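Peer 1: Below you'll find the structure I mean.
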2 protein chains.
Amino acid sequence: MTATTLVEVSPRDGLQNEQTLLSVDEKVELIARSVAAGVRRIEAVSFVNPARVPQMAGAEEVMAQVPRSADVSYIGLVLNRRGLERALTAGVDEVNAVVVATDEFSTRNQGCTVAEGISAWMDIAAEARAAGVRTTVTIAASFGCPFSGEVDPAWVIELAARVADAGPDEIALADTIGVGVPAQVRTLAAGLTRVAPDVPQRWHFHNTRNTGYANALTALDTGAHALDASIGGFGGCPFAPAATGNIASEDLIYALNRSGVSTGVTLGTLADAAAWLGARLDKDVPALLGRAGNFPPDA
Amino acid sequence: MTATTLVEVSPRDGLQNEQTLLSVDEKVELIARSVAAGVRRIEAVSFVNPARVPQMAGAEEVMAQVPRSADVSYIGLVLNRRGLERALTAGVDEVNAVVVATDEFSTRNQGCTVAEGISAWMDIAAEARAAGVRTTVTIAASFGCPFSGEVDPAWVIELAARVADAGPDEIALADTIGVGVPAQVRTLAAGLTRVAPDVPQRWHFHNTRNTGYANALTALDTGAHALDASIGGFGGCPFAPAATGNIASEDLIYALNRSGVSTGVTLGTLADAAAWLGARLDKDVPALLGRAGNFPPDA
């Protein structure tokens with residue numbers, strides 16, 4: 001594959017487990033820095049209950065201030081009808097819903113069973129499509145569950161087939177807790193292609209156990225349409241404390257650049273944004289590129 | 001590939017750039033812990049001048065105390081005839097020589113040109129073979145040079161063809177500064193197989209820019225006979241300060257275990273050794289497995 005799309009998830013998955021709460025202005029700056037780097041799809045906000053997830057407060061205010069442009073698509077995460085209504089009112093370009101692959105994780109994370117999650121997705125998809133908004137779905141814990149352990153790829157593909165009935169514009173498989181390996185990516189990609197051959201595939205990896213970049217590059221080999229990544233690699237899972245979070249946008253772009261895959265994203269601007277975000281969160285940047293530097297150095 | 005061999009390089013590459021000097025007893029303990037974990041090839045010592053590289057002092061004393069066993073092979077790094085004589089006297093099972101792919105890096109690192117490095121290797125190989133010792137060679141900076149920048153894969157393969165004339169038991173290609181990507185691994189592996197089809201391939205990766213594990217898993221796809229790794233991921237390159245060093249043995253074994261590739265190495269014992277080494281070096285362990293834990297948790 002010679003081109004792919006980076007979906008920048010730092011404003012949502014990157015921030016939602018951080019102790020430091022960013023202001024609306026800071027979130028807008030993070031998003032503006034992503035746009036300046038050439039990112040064209042951004043998971044900008046989450047329409048969950050801010051009383052439960054204070055990191056995601058101010059979604060409407062963020063959406064009112066982001067730099068709008070015809071070629072930039074802002075994604076809002078929605079888990080239910082109420083969230084969808086907020087997302088549509090706020091004027092997102094895409095909604096992304098989440099179905100969790102195991103009952104135990106789904107219940108703890110979203111307060112519903114897998115079956116209820118699929119049902120919620122069906123409602124969201126129908127209403128979002130009626131509103132003319134691009135609609136995608138992420139299947140969380142597709143590579144393993146922190147509570148149930150192994151997740152059978154055949155079950156993930158069965159779930160994918162069910163969510164595909166709603167006609168999503170894209171299906172994403174997420175390694176939410178960072179346990180996956182490339183062999184799993186290949187198995188899941190083949191299954192996904194079998195049950196939903198016409199639906200573009202997006203992948204969401206965490207680098208919790210140092211397999212995230214290998215997984216991302218493998219997904220690209222299997223025809224990934226888009227890859228999620230987070231500036232600086234922020235965004236740990238609450239179930240894996242002290243572990244590295246999302247794969248970092250700048251480290252991913254470095255690997256893609258060196259592999260001859262074009263993304264339209266400028267590495268230096270991303271790395272600057274990571275340093276800026278690290279300072280805001282008062283944390284070391286998990287990504288390595290900012291420390292090691294580009295190669296060749298004058299690239 | 002369903003099996004591969006881990007070559008544990010922490011006692012050599014893992015320590016040679018650390019400010020904290022380990023005692024002979026501590027080095028022997030590190031090696032013994034590797035053996036206890038099931039590692040069967042260990043780059044245990046380097047026969048360089050200890051006045052120039054004090055981290056590598058005491059090689060003879062280390063070799064006199066390591067736990068000997070018919071199925072454990074101890075490797076000594078040698079750069080010249082003098083080093084080889086020391087290695088043979090100390091009773092190593094294998095010698096590994098290094099040829100650097102660029103003149104600038106070779107001159108700064110080993111005090112000789114590439115041509116002189118090849119000549120030294122030819123001498124070493126002939127004498128080591130005459131002594132009945134297994135003889136391997138590593139081509140350093142095969143993926144990029146901190147001084148010259150890009151290194152043409154065709155040049156690396158030309159070098160490999162020349163060093164193959166001496167009949168090595170194994171050729172390793174090293175991404176000494178951690179700049180490589182899987183596409184380079186594929187190109188180099190194909191070239192190496194073309195010019196030296198009967199010589200087993202070993203690979204040496206650093207995770208300086210988060211591509212090390214992707215490279216290692218790709219090398220396995222291309223038929224890698226052995227992979228270098230370092231307990232805890234210690235071992236930074238002096239030319240990339242503050243950057244992560246070698247790929248970590250425990251993170252690599254995690255990925256291999258989850259991929260169904262057997263290595264005979266016990267993950268928990270390796271992770272314990274990493275924690276122990278971090279305490280000796282008074283450093284955080286760069287590897288992620290010790291923080292994130294195995295998966296499934298009871299594996």
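Going through the structure tokens in order, the chains are called A, B, and so on, while each chain numbers its residues from 1 and the ligands are numbered from 1 in the order shown.
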Report as a tab-separated table the residues of chain A within 7 Å of chain B, each with its shortest atom pair and distance in Å (one decimal), using only C-alpha atoms, ordered by chain and increasing residue number.
Peer 2:
residue	atom	partner	partner_atom	distance
A:Gly149	CA	B:Pro296	CA	5.3
A:Glu150	CA	B:Pro296	CA	6.7
A:Val179	CA	B:Phe295	CA	6.6
A:Val181	CA	B:Ala255	CA	6.2
A:Ala183	CA	B:Ser259	CA	5.9
A:Thr208	CA	B:Ala292	CA	6.4
A:Arg209	CA	B:Leu288	CA	5.3
A:Asn210	CA	B:Asp251	CA	6.5
A:Thr211	CA	B:Tyr213	CA	6.7
A:Tyr213	CA	B:Ala214	CA	6.3
A:Ala214	CA	B:Ala214	CA	4.0
A:Ala240	CA	B:Ala292	CA	6.0
A:Ala242	CA	B:Arg291	CA	6.5
A:Ala243	CA	B:Ala292	CA	5.4
A:Asp251	CA	B:Arg209	CA	6.5
A:Ala255	CA	B:Val181	CA	6.2
A:Arg258	CA	B:Val181	CA	6.6
A:Ser259	CA	B:Ala183	CA	5.9
A:Leu288	CA	B:Arg209	CA	5.3
A:Leu289	CA	B:Arg209	CA	5.5
A:Arg291	CA	B:Ala243	CA	6.0
A:Ala292	CA	B:Ala243	CA	5.4
A:Phe295	CA	B:Val179	CA	6.6
A:Pro296	CA	B:Gly149	CA	5.4
Peer 1: What would the file look like if the residues just selected were written as a short mmCIF file (atom, residue, chain, number, x, y, z; two decimals), in the first residue's frame with N, CA, C and O atoms?
Peer 2:
data_model
loop_
_atom_site.label_atom_id
_atom_site.label_comp_id
_atom_site.auth_asym_id
_atom_site.auth_seq_id
_atom_site.Cartn_x
_atom_site.Cartn_y
_atom_site.Cartn_z
N GLY A 149 -9.98 -12.23 29.10
CA GLY A 149 -8.80 -12.86 28.52
C GLY A 149 -8.88 -12.94 27.00
O GLY A 149 -9.21 -11.97 26.33
N GLU A 150 -8.63 -14.14 26.48
CA GLU A 150 -8.61 -14.33 25.03
C GLU A 150 -9.96 -13.98 24.40
O GLU A 150 -11.01 -14.29 24.96
N VAL A 179 -2.52 -5.83 23.42
CA VAL A 179 -2.01 -7.19 23.60
C VAL A 179 -1.77 -7.92 22.28
O VAL A 179 -1.21 -9.01 22.26
N VAL A 181 -0.79 -9.09 18.26
CA VAL A 181 0.42 -9.30 17.46
C VAL A 181 0.00 -9.35 15.98
O VAL A 181 -1.17 -9.55 15.66
N ALA A 183 0.16 -11.52 13.68
CA ALA A 183 -0.57 -12.70 13.21
C ALA A 183 -2.07 -12.53 13.43
O ALA A 183 -2.89 -12.93 12.60
N THR A 208 1.12 -0.90 24.25
CA THR A 208 1.28 -1.29 25.65
C THR A 208 2.38 -2.31 25.88
O THR A 208 3.06 -2.30 26.90
N ARG A 209 2.54 -3.23 24.93
CA ARG A 209 3.57 -4.28 25.04
C ARG A 209 4.51 -4.27 23.84
O ARG A 209 5.07 -5.28 23.47
N ASN A 210 4.69 -3.10 23.25
CA ASN A 210 5.65 -2.91 22.16
C ASN A 210 5.30 -3.66 20.87
O ASN A 210 6.20 -3.93 20.05
N THR A 211 4.02 -3.98 20.70
CA THR A 211 3.63 -4.62 19.44
C THR A 211 2.81 -3.69 18.55
O THR A 211 2.44 -4.07 17.43
N TYR A 213 3.29 -0.86 16.76
CA TYR A 213 3.75 -0.41 15.44
C TYR A 213 3.85 -1.57 14.46
O TYR A 213 3.54 -1.42 13.28
N ALA A 214 4.27 -2.73 14.96
CA ALA A 214 4.30 -3.92 14.11
C ALA A 214 2.88 -4.23 13.62
O ALA A 214 2.67 -4.56 12.45
N ALA A 240 -4.54 -0.76 32.26
CA ALA A 240 -3.11 -1.09 32.17
C ALA A 240 -2.33 0.12 32.63
O ALA A 240 -1.68 0.80 31.84
N ALA A 242 0.29 2.81 33.98
CA ALA A 242 1.74 2.97 33.78
C ALA A 242 2.21 2.45 32.44
O ALA A 242 3.39 2.48 32.13
N ALA A 243 1.31 1.93 31.65
CA ALA A 243 1.73 1.40 30.36
C ALA A 243 1.60 2.47 29.28
O ALA A 243 0.82 3.41 29.41
N ASP A 251 5.69 8.71 15.51
CA ASP A 251 6.49 7.51 15.29
C ASP A 251 5.89 6.69 14.14
O ASP A 251 6.63 6.10 13.34
N ALA A 255 7.72 5.83 10.44
CA ALA A 255 7.81 4.49 9.83
C ALA A 255 7.17 4.49 8.44
O ALA A 255 7.70 3.87 7.50
N ARG A 258 9.44 6.32 5.92
CA ARG A 258 10.61 5.51 5.55
C ARG A 258 10.20 4.29 4.72
O ARG A 258 11.04 3.65 4.10
N SER A 259 8.89 3.96 4.75
CA SER A 259 8.40 2.82 3.98
C SER A 259 7.82 3.23 2.64
O SER A 259 7.31 2.39 1.90
N LEU A 288 9.02 8.12 20.69
CA LEU A 288 10.49 8.12 20.68
C LEU A 288 11.08 9.12 19.69
O LEU A 288 12.23 9.53 19.83
N LEU A 289 10.32 9.51 18.68
CA LEU A 289 10.91 10.34 17.63
C LEU A 289 11.44 11.66 18.13
O LEU A 289 12.50 12.13 17.68
N ARG A 291 12.80 12.34 20.87
CA ARG A 291 14.10 12.16 21.52
C ARG A 291 15.17 11.74 20.52
O ARG A 291 16.30 12.21 20.57
N ALA A 292 14.82 10.80 19.62
CA ALA A 292 15.83 10.22 18.73
C ALA A 292 16.10 11.09 17.52
O ALA A 292 17.19 11.05 16.95
N PHE A 295 15.37 10.66 10.64
CA PHE A 295 16.48 10.11 9.88
C PHE A 295 16.11 10.09 8.41
O PHE A 295 15.01 9.66 8.09
N PRO A 296 17.03 10.47 7.50
CA PRO A 296 18.28 11.15 7.85
C PRO A 296 17.99 12.45 8.59
O PRO A 296 16.90 13.00 8.46
#
Peer 1: Write out as a PyMOL selection string all residues of range 51-259 of chain B that DSSP puts in alpha helix (DSSP H) for this structure's backbone.
Peer 2: chain B and resi 59-65+81-90+103-110+114-130+153-164+182-195+212-221+249-258
Peer 1: Which neighbours of Ala32 in chain B fall inside 8 Å, counting only C-alpha atoms, when residues of the same chain fewer than 4 positions from it are skipped, and could you give them as a PyMOL selection string?
Peer 2: chain B and resi 28+36+66-67
Peer 1: Can you pull out every residue within 9 Å of Ala174 in chain A, counting only C-alpha atoms, but drop anything in the same chain fewer than 4 positions away, and send it as number ranges by chain?
Peer 2: A: 138-143, 178, 202-206
Peer 1: Could you save the residues just selected, with N, CA and C atoms, as an mmCIF file, in the first residue's frame?
Peer 2:
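Result saved to result_27.cif:
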data_model
loop_
_atom_site.group_PDB
_atom_site.id
_atom_site.type_symbol
_atom_site.label_atom_id
_atom_site.label_comp_id
_atom_site.auth_asym_id
_atom_site.auth_seq_id
_atom_site.Cartn_x
_atom_site.Cartn_y
_atom_site.Cartn_z
ATOM 1 N N THR A 138 -16.326 1.190 15.840
ATOM 2 C CA THR A 138 -15.106 0.541 16.330
ATOM 3 C C THR A 138 -15.497 -0.638 17.207
ATOM 4 N N ILE A 139 -14.908 -1.794 16.935
ATOM 5 C CA ILE A 139 -15.117 -2.948 17.816
ATOM 6 C C ILE A 139 -13.940 -3.002 18.784
ATOM 7 N N ALA A 140 -14.230 -2.639 20.041
ATOM 8 C CA ALA A 140 -13.184 -2.563 21.068
ATOM 9 C C ALA A 140 -12.856 -3.942 21.614
ATOM 10 N N ALA A 141 -11.641 -4.068 22.124
ATOM 11 C CA ALA A 141 -11.158 -5.320 22.729
ATOM 12 C C ALA A 141 -11.168 -6.472 21.732
ATOM 13 N N SER A 142 -10.909 -6.154 20.473
ATOM 14 C CA SER A 142 -10.926 -7.181 19.427
ATOM 15 C C SER A 142 -9.743 -8.138 19.517
ATOM 16 N N PHE A 143 -8.705 -7.761 20.253
ATOM 17 C CA PHE A 143 -7.494 -8.593 20.328
ATOM 18 C C PHE A 143 -7.310 -9.243 21.699
ATOM 19 N N GLY A 178 -3.771 -3.251 24.060
ATOM 20 C CA GLY A 178 -2.392 -3.422 23.581
ATOM 21 C C GLY A 178 -1.798 -4.790 23.829
ATOM 22 N N ARG A 202 -10.416 0.339 9.247
ATOM 23 C CA ARG A 202 -9.543 1.174 10.064
ATOM 24 C C ARG A 202 -9.082 0.339 11.254
ATOM 25 N N TRP A 203 -7.889 0.672 11.802
ATOM 26 C CA TRP A 203 -7.324 -0.102 12.911
ATOM 27 C C TRP A 203 -6.868 0.851 14.003
ATOM 28 N N HIS A 204 -6.993 0.372 15.231
ATOM 29 C CA HIS A 204 -6.668 1.188 16.403
ATOM 30 C C HIS A 204 -5.757 0.367 17.310
ATOM 31 N N PHE A 205 -4.512 0.799 17.420
ATOM 32 C CA PHE A 205 -3.544 0.018 18.199
ATOM 33 C C PHE A 205 -2.965 0.809 19.361
ATOM 34 N N HIS A 206 -2.725 0.086 20.443
ATOM 35 C CA HIS A 206 -1.973 0.625 21.574
ATOM 36 C C HIS A 206 -0.628 -0.090 21.615
#
Peer 1: Tell me, as a JSON list (two decimals) with C-alpha atoms, in the first residue's frame, which residues lie within 12 Å of Arg129 in chain B, counting only C-alpha atoms; anything in the same chain fewer than 6 positions away does not count.
Peer 2:
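Output file part-v6.json is given in full below:
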[["chain", "number", "residue", "atom", "x", "y", "z"],
["B", 84, "LEU", "CA", 40.59, -13.24, 18.89],
["B", 88, "LEU", "CA", 40.22, -18.36, 22.21],
["B", 93, "ASP", "CA", 32.05, -21.09, 22.00],
["B", 94, "GLU", "CA", 31.62, -18.55, 19.20],
["B", 95, "VAL", "CA", 33.33, -15.39, 18.07],
["B", 121, "TRP", "CA", 37.33, -10.15, 9.50],
["B", 122, "MET", "CA", 39.06, -12.39, 6.94],
["B", 123, "ASP", "CA", 41.99, -12.88, 9.34],
["B", 135, "THR", "CA", 32.46, -17.79, 13.66],
["B", 136, "THR", "CA", 29.83, -15.18, 12.88],
["B", 166, "ALA", "CA", 35.30, -16.30, 4.50],
["B", 167, "GLY", "CA", 32.65, -18.94, 5.18],
["B", 168, "PRO", "CA", 30.93, -17.53, 8.28],
["B", 169, "ASP", "CA", 28.58, -19.77, 10.25]]
Peer 1: What's around Gly232 in chain B at 8 Å? Count only C-alpha atoms, leave out sequence neighbours fewer than 5 positions away in its own chain, and write the answer as a PyMOL selection string.
Peer 2: chain B and resi 248-250+271+273-275+277-278+285-287
Peer 1: For the residues in that selection, give me N, CA, C and O atoms as a compact mmCIF listing (two decimals), in the first residue's frame.
Peer 2:
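Final output, part.txt:
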# COMPACT_ATOMS: atom_id res chain seq x y z
N ALA B 248 13.94 -5.30 23.47
CA ALA B 248 14.01 -5.98 24.77
C ALA B 248 13.66 -7.46 24.59
O ALA B 248 12.67 -7.80 23.93
N SER B 249 14.45 -8.30 25.24
CA SER B 249 14.22 -9.75 25.11
C SER B 249 12.81 -10.13 25.54
O SER B 249 12.14 -10.91 24.87
N GLU B 250 12.35 -9.57 26.67
CA GLU B 250 11.04 -10.00 27.17
C GLU B 250 9.90 -9.51 26.28
O GLU B 250 8.91 -10.23 26.09
N ALA B 271 11.74 -11.29 32.60
CA ALA B 271 11.23 -10.02 33.13
C ALA B 271 11.82 -9.75 34.51
O ALA B 271 12.16 -8.61 34.85
N ALA B 273 14.76 -10.73 35.46
CA ALA B 273 16.15 -10.34 35.20
C ALA B 273 16.23 -8.88 34.78
O ALA B 273 17.16 -8.16 35.14
N ALA B 274 15.23 -8.43 34.02
CA ALA B 274 15.20 -7.03 33.58
C ALA B 274 15.06 -6.09 34.78
O ALA B 274 15.74 -5.06 34.87
N ALA B 275 14.17 -6.46 35.71
CA ALA B 275 13.99 -5.63 36.91
C ALA B 275 15.28 -5.59 37.72
O ALA B 275 15.69 -4.54 38.22
N LEU B 277 18.34 -6.03 36.55
CA LEU B 277 19.35 -5.25 35.83
C LEU B 277 19.07 -3.74 35.95
O LEU B 277 20.00 -2.94 36.14
N GLY B 278 17.79 -3.38 35.88
CA GLY B 278 17.44 -1.97 36.04
C GLY B 278 17.90 -1.44 37.40
O GLY B 278 18.42 -0.32 37.51
N VAL B 285 13.49 0.55 33.44
CA VAL B 285 13.60 -0.48 32.40
C VAL B 285 12.85 0.02 31.15
O VAL B 285 11.66 0.31 31.23
N PRO B 286 13.53 0.13 30.01
CA PRO B 286 12.83 0.60 28.80
C PRO B 286 11.74 -0.38 28.31
O PRO B 286 10.75 0.05 27.73
N ALA B 287 11.91 -1.66 28.55
CA ALA B 287 10.93 -2.64 28.07
C ALA B 287 9.56 -2.36 28.69
O ALA B 287 9.47 -1.79 29.79
Peer 1: If I take CA of Val114 in chain A and CA of Val98 in chain A, how far is one from the other in Å, to one decimal?
Peer 2: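 Distance reported for this atom pair: 10.2 Å.
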Peer 1: Name all residues at most 12 Å from range 45-52 of chain B (count only C-alpha atoms; drop same-chain ones fewer than 6 positions away) and give them as a ChimeraX atom specification.
Peer 2: /B:8-17,21,24,27-28,30-31,58-64,66,74-98,109-111
Peer 1: Rounded to one decimal, what separation in Å do you get between CA of Ala161 in chain A and CA of Ala196 in chain A?
Peer 2: 6.6 Å
Peer 1: What parts of range 54-199 of chain A does DSSP call strand (DSSP E or B)? I'd like the answer as a ChimeraX atom specification.
Peer 2: /A:73-78,94-100,134-140,145,149,170-175
Peer 1: Which distance in Å separates CA of Leu227 in chain A and CA of Leu6 in chain A, to one decimal?
Peer 2: 5.2 Å
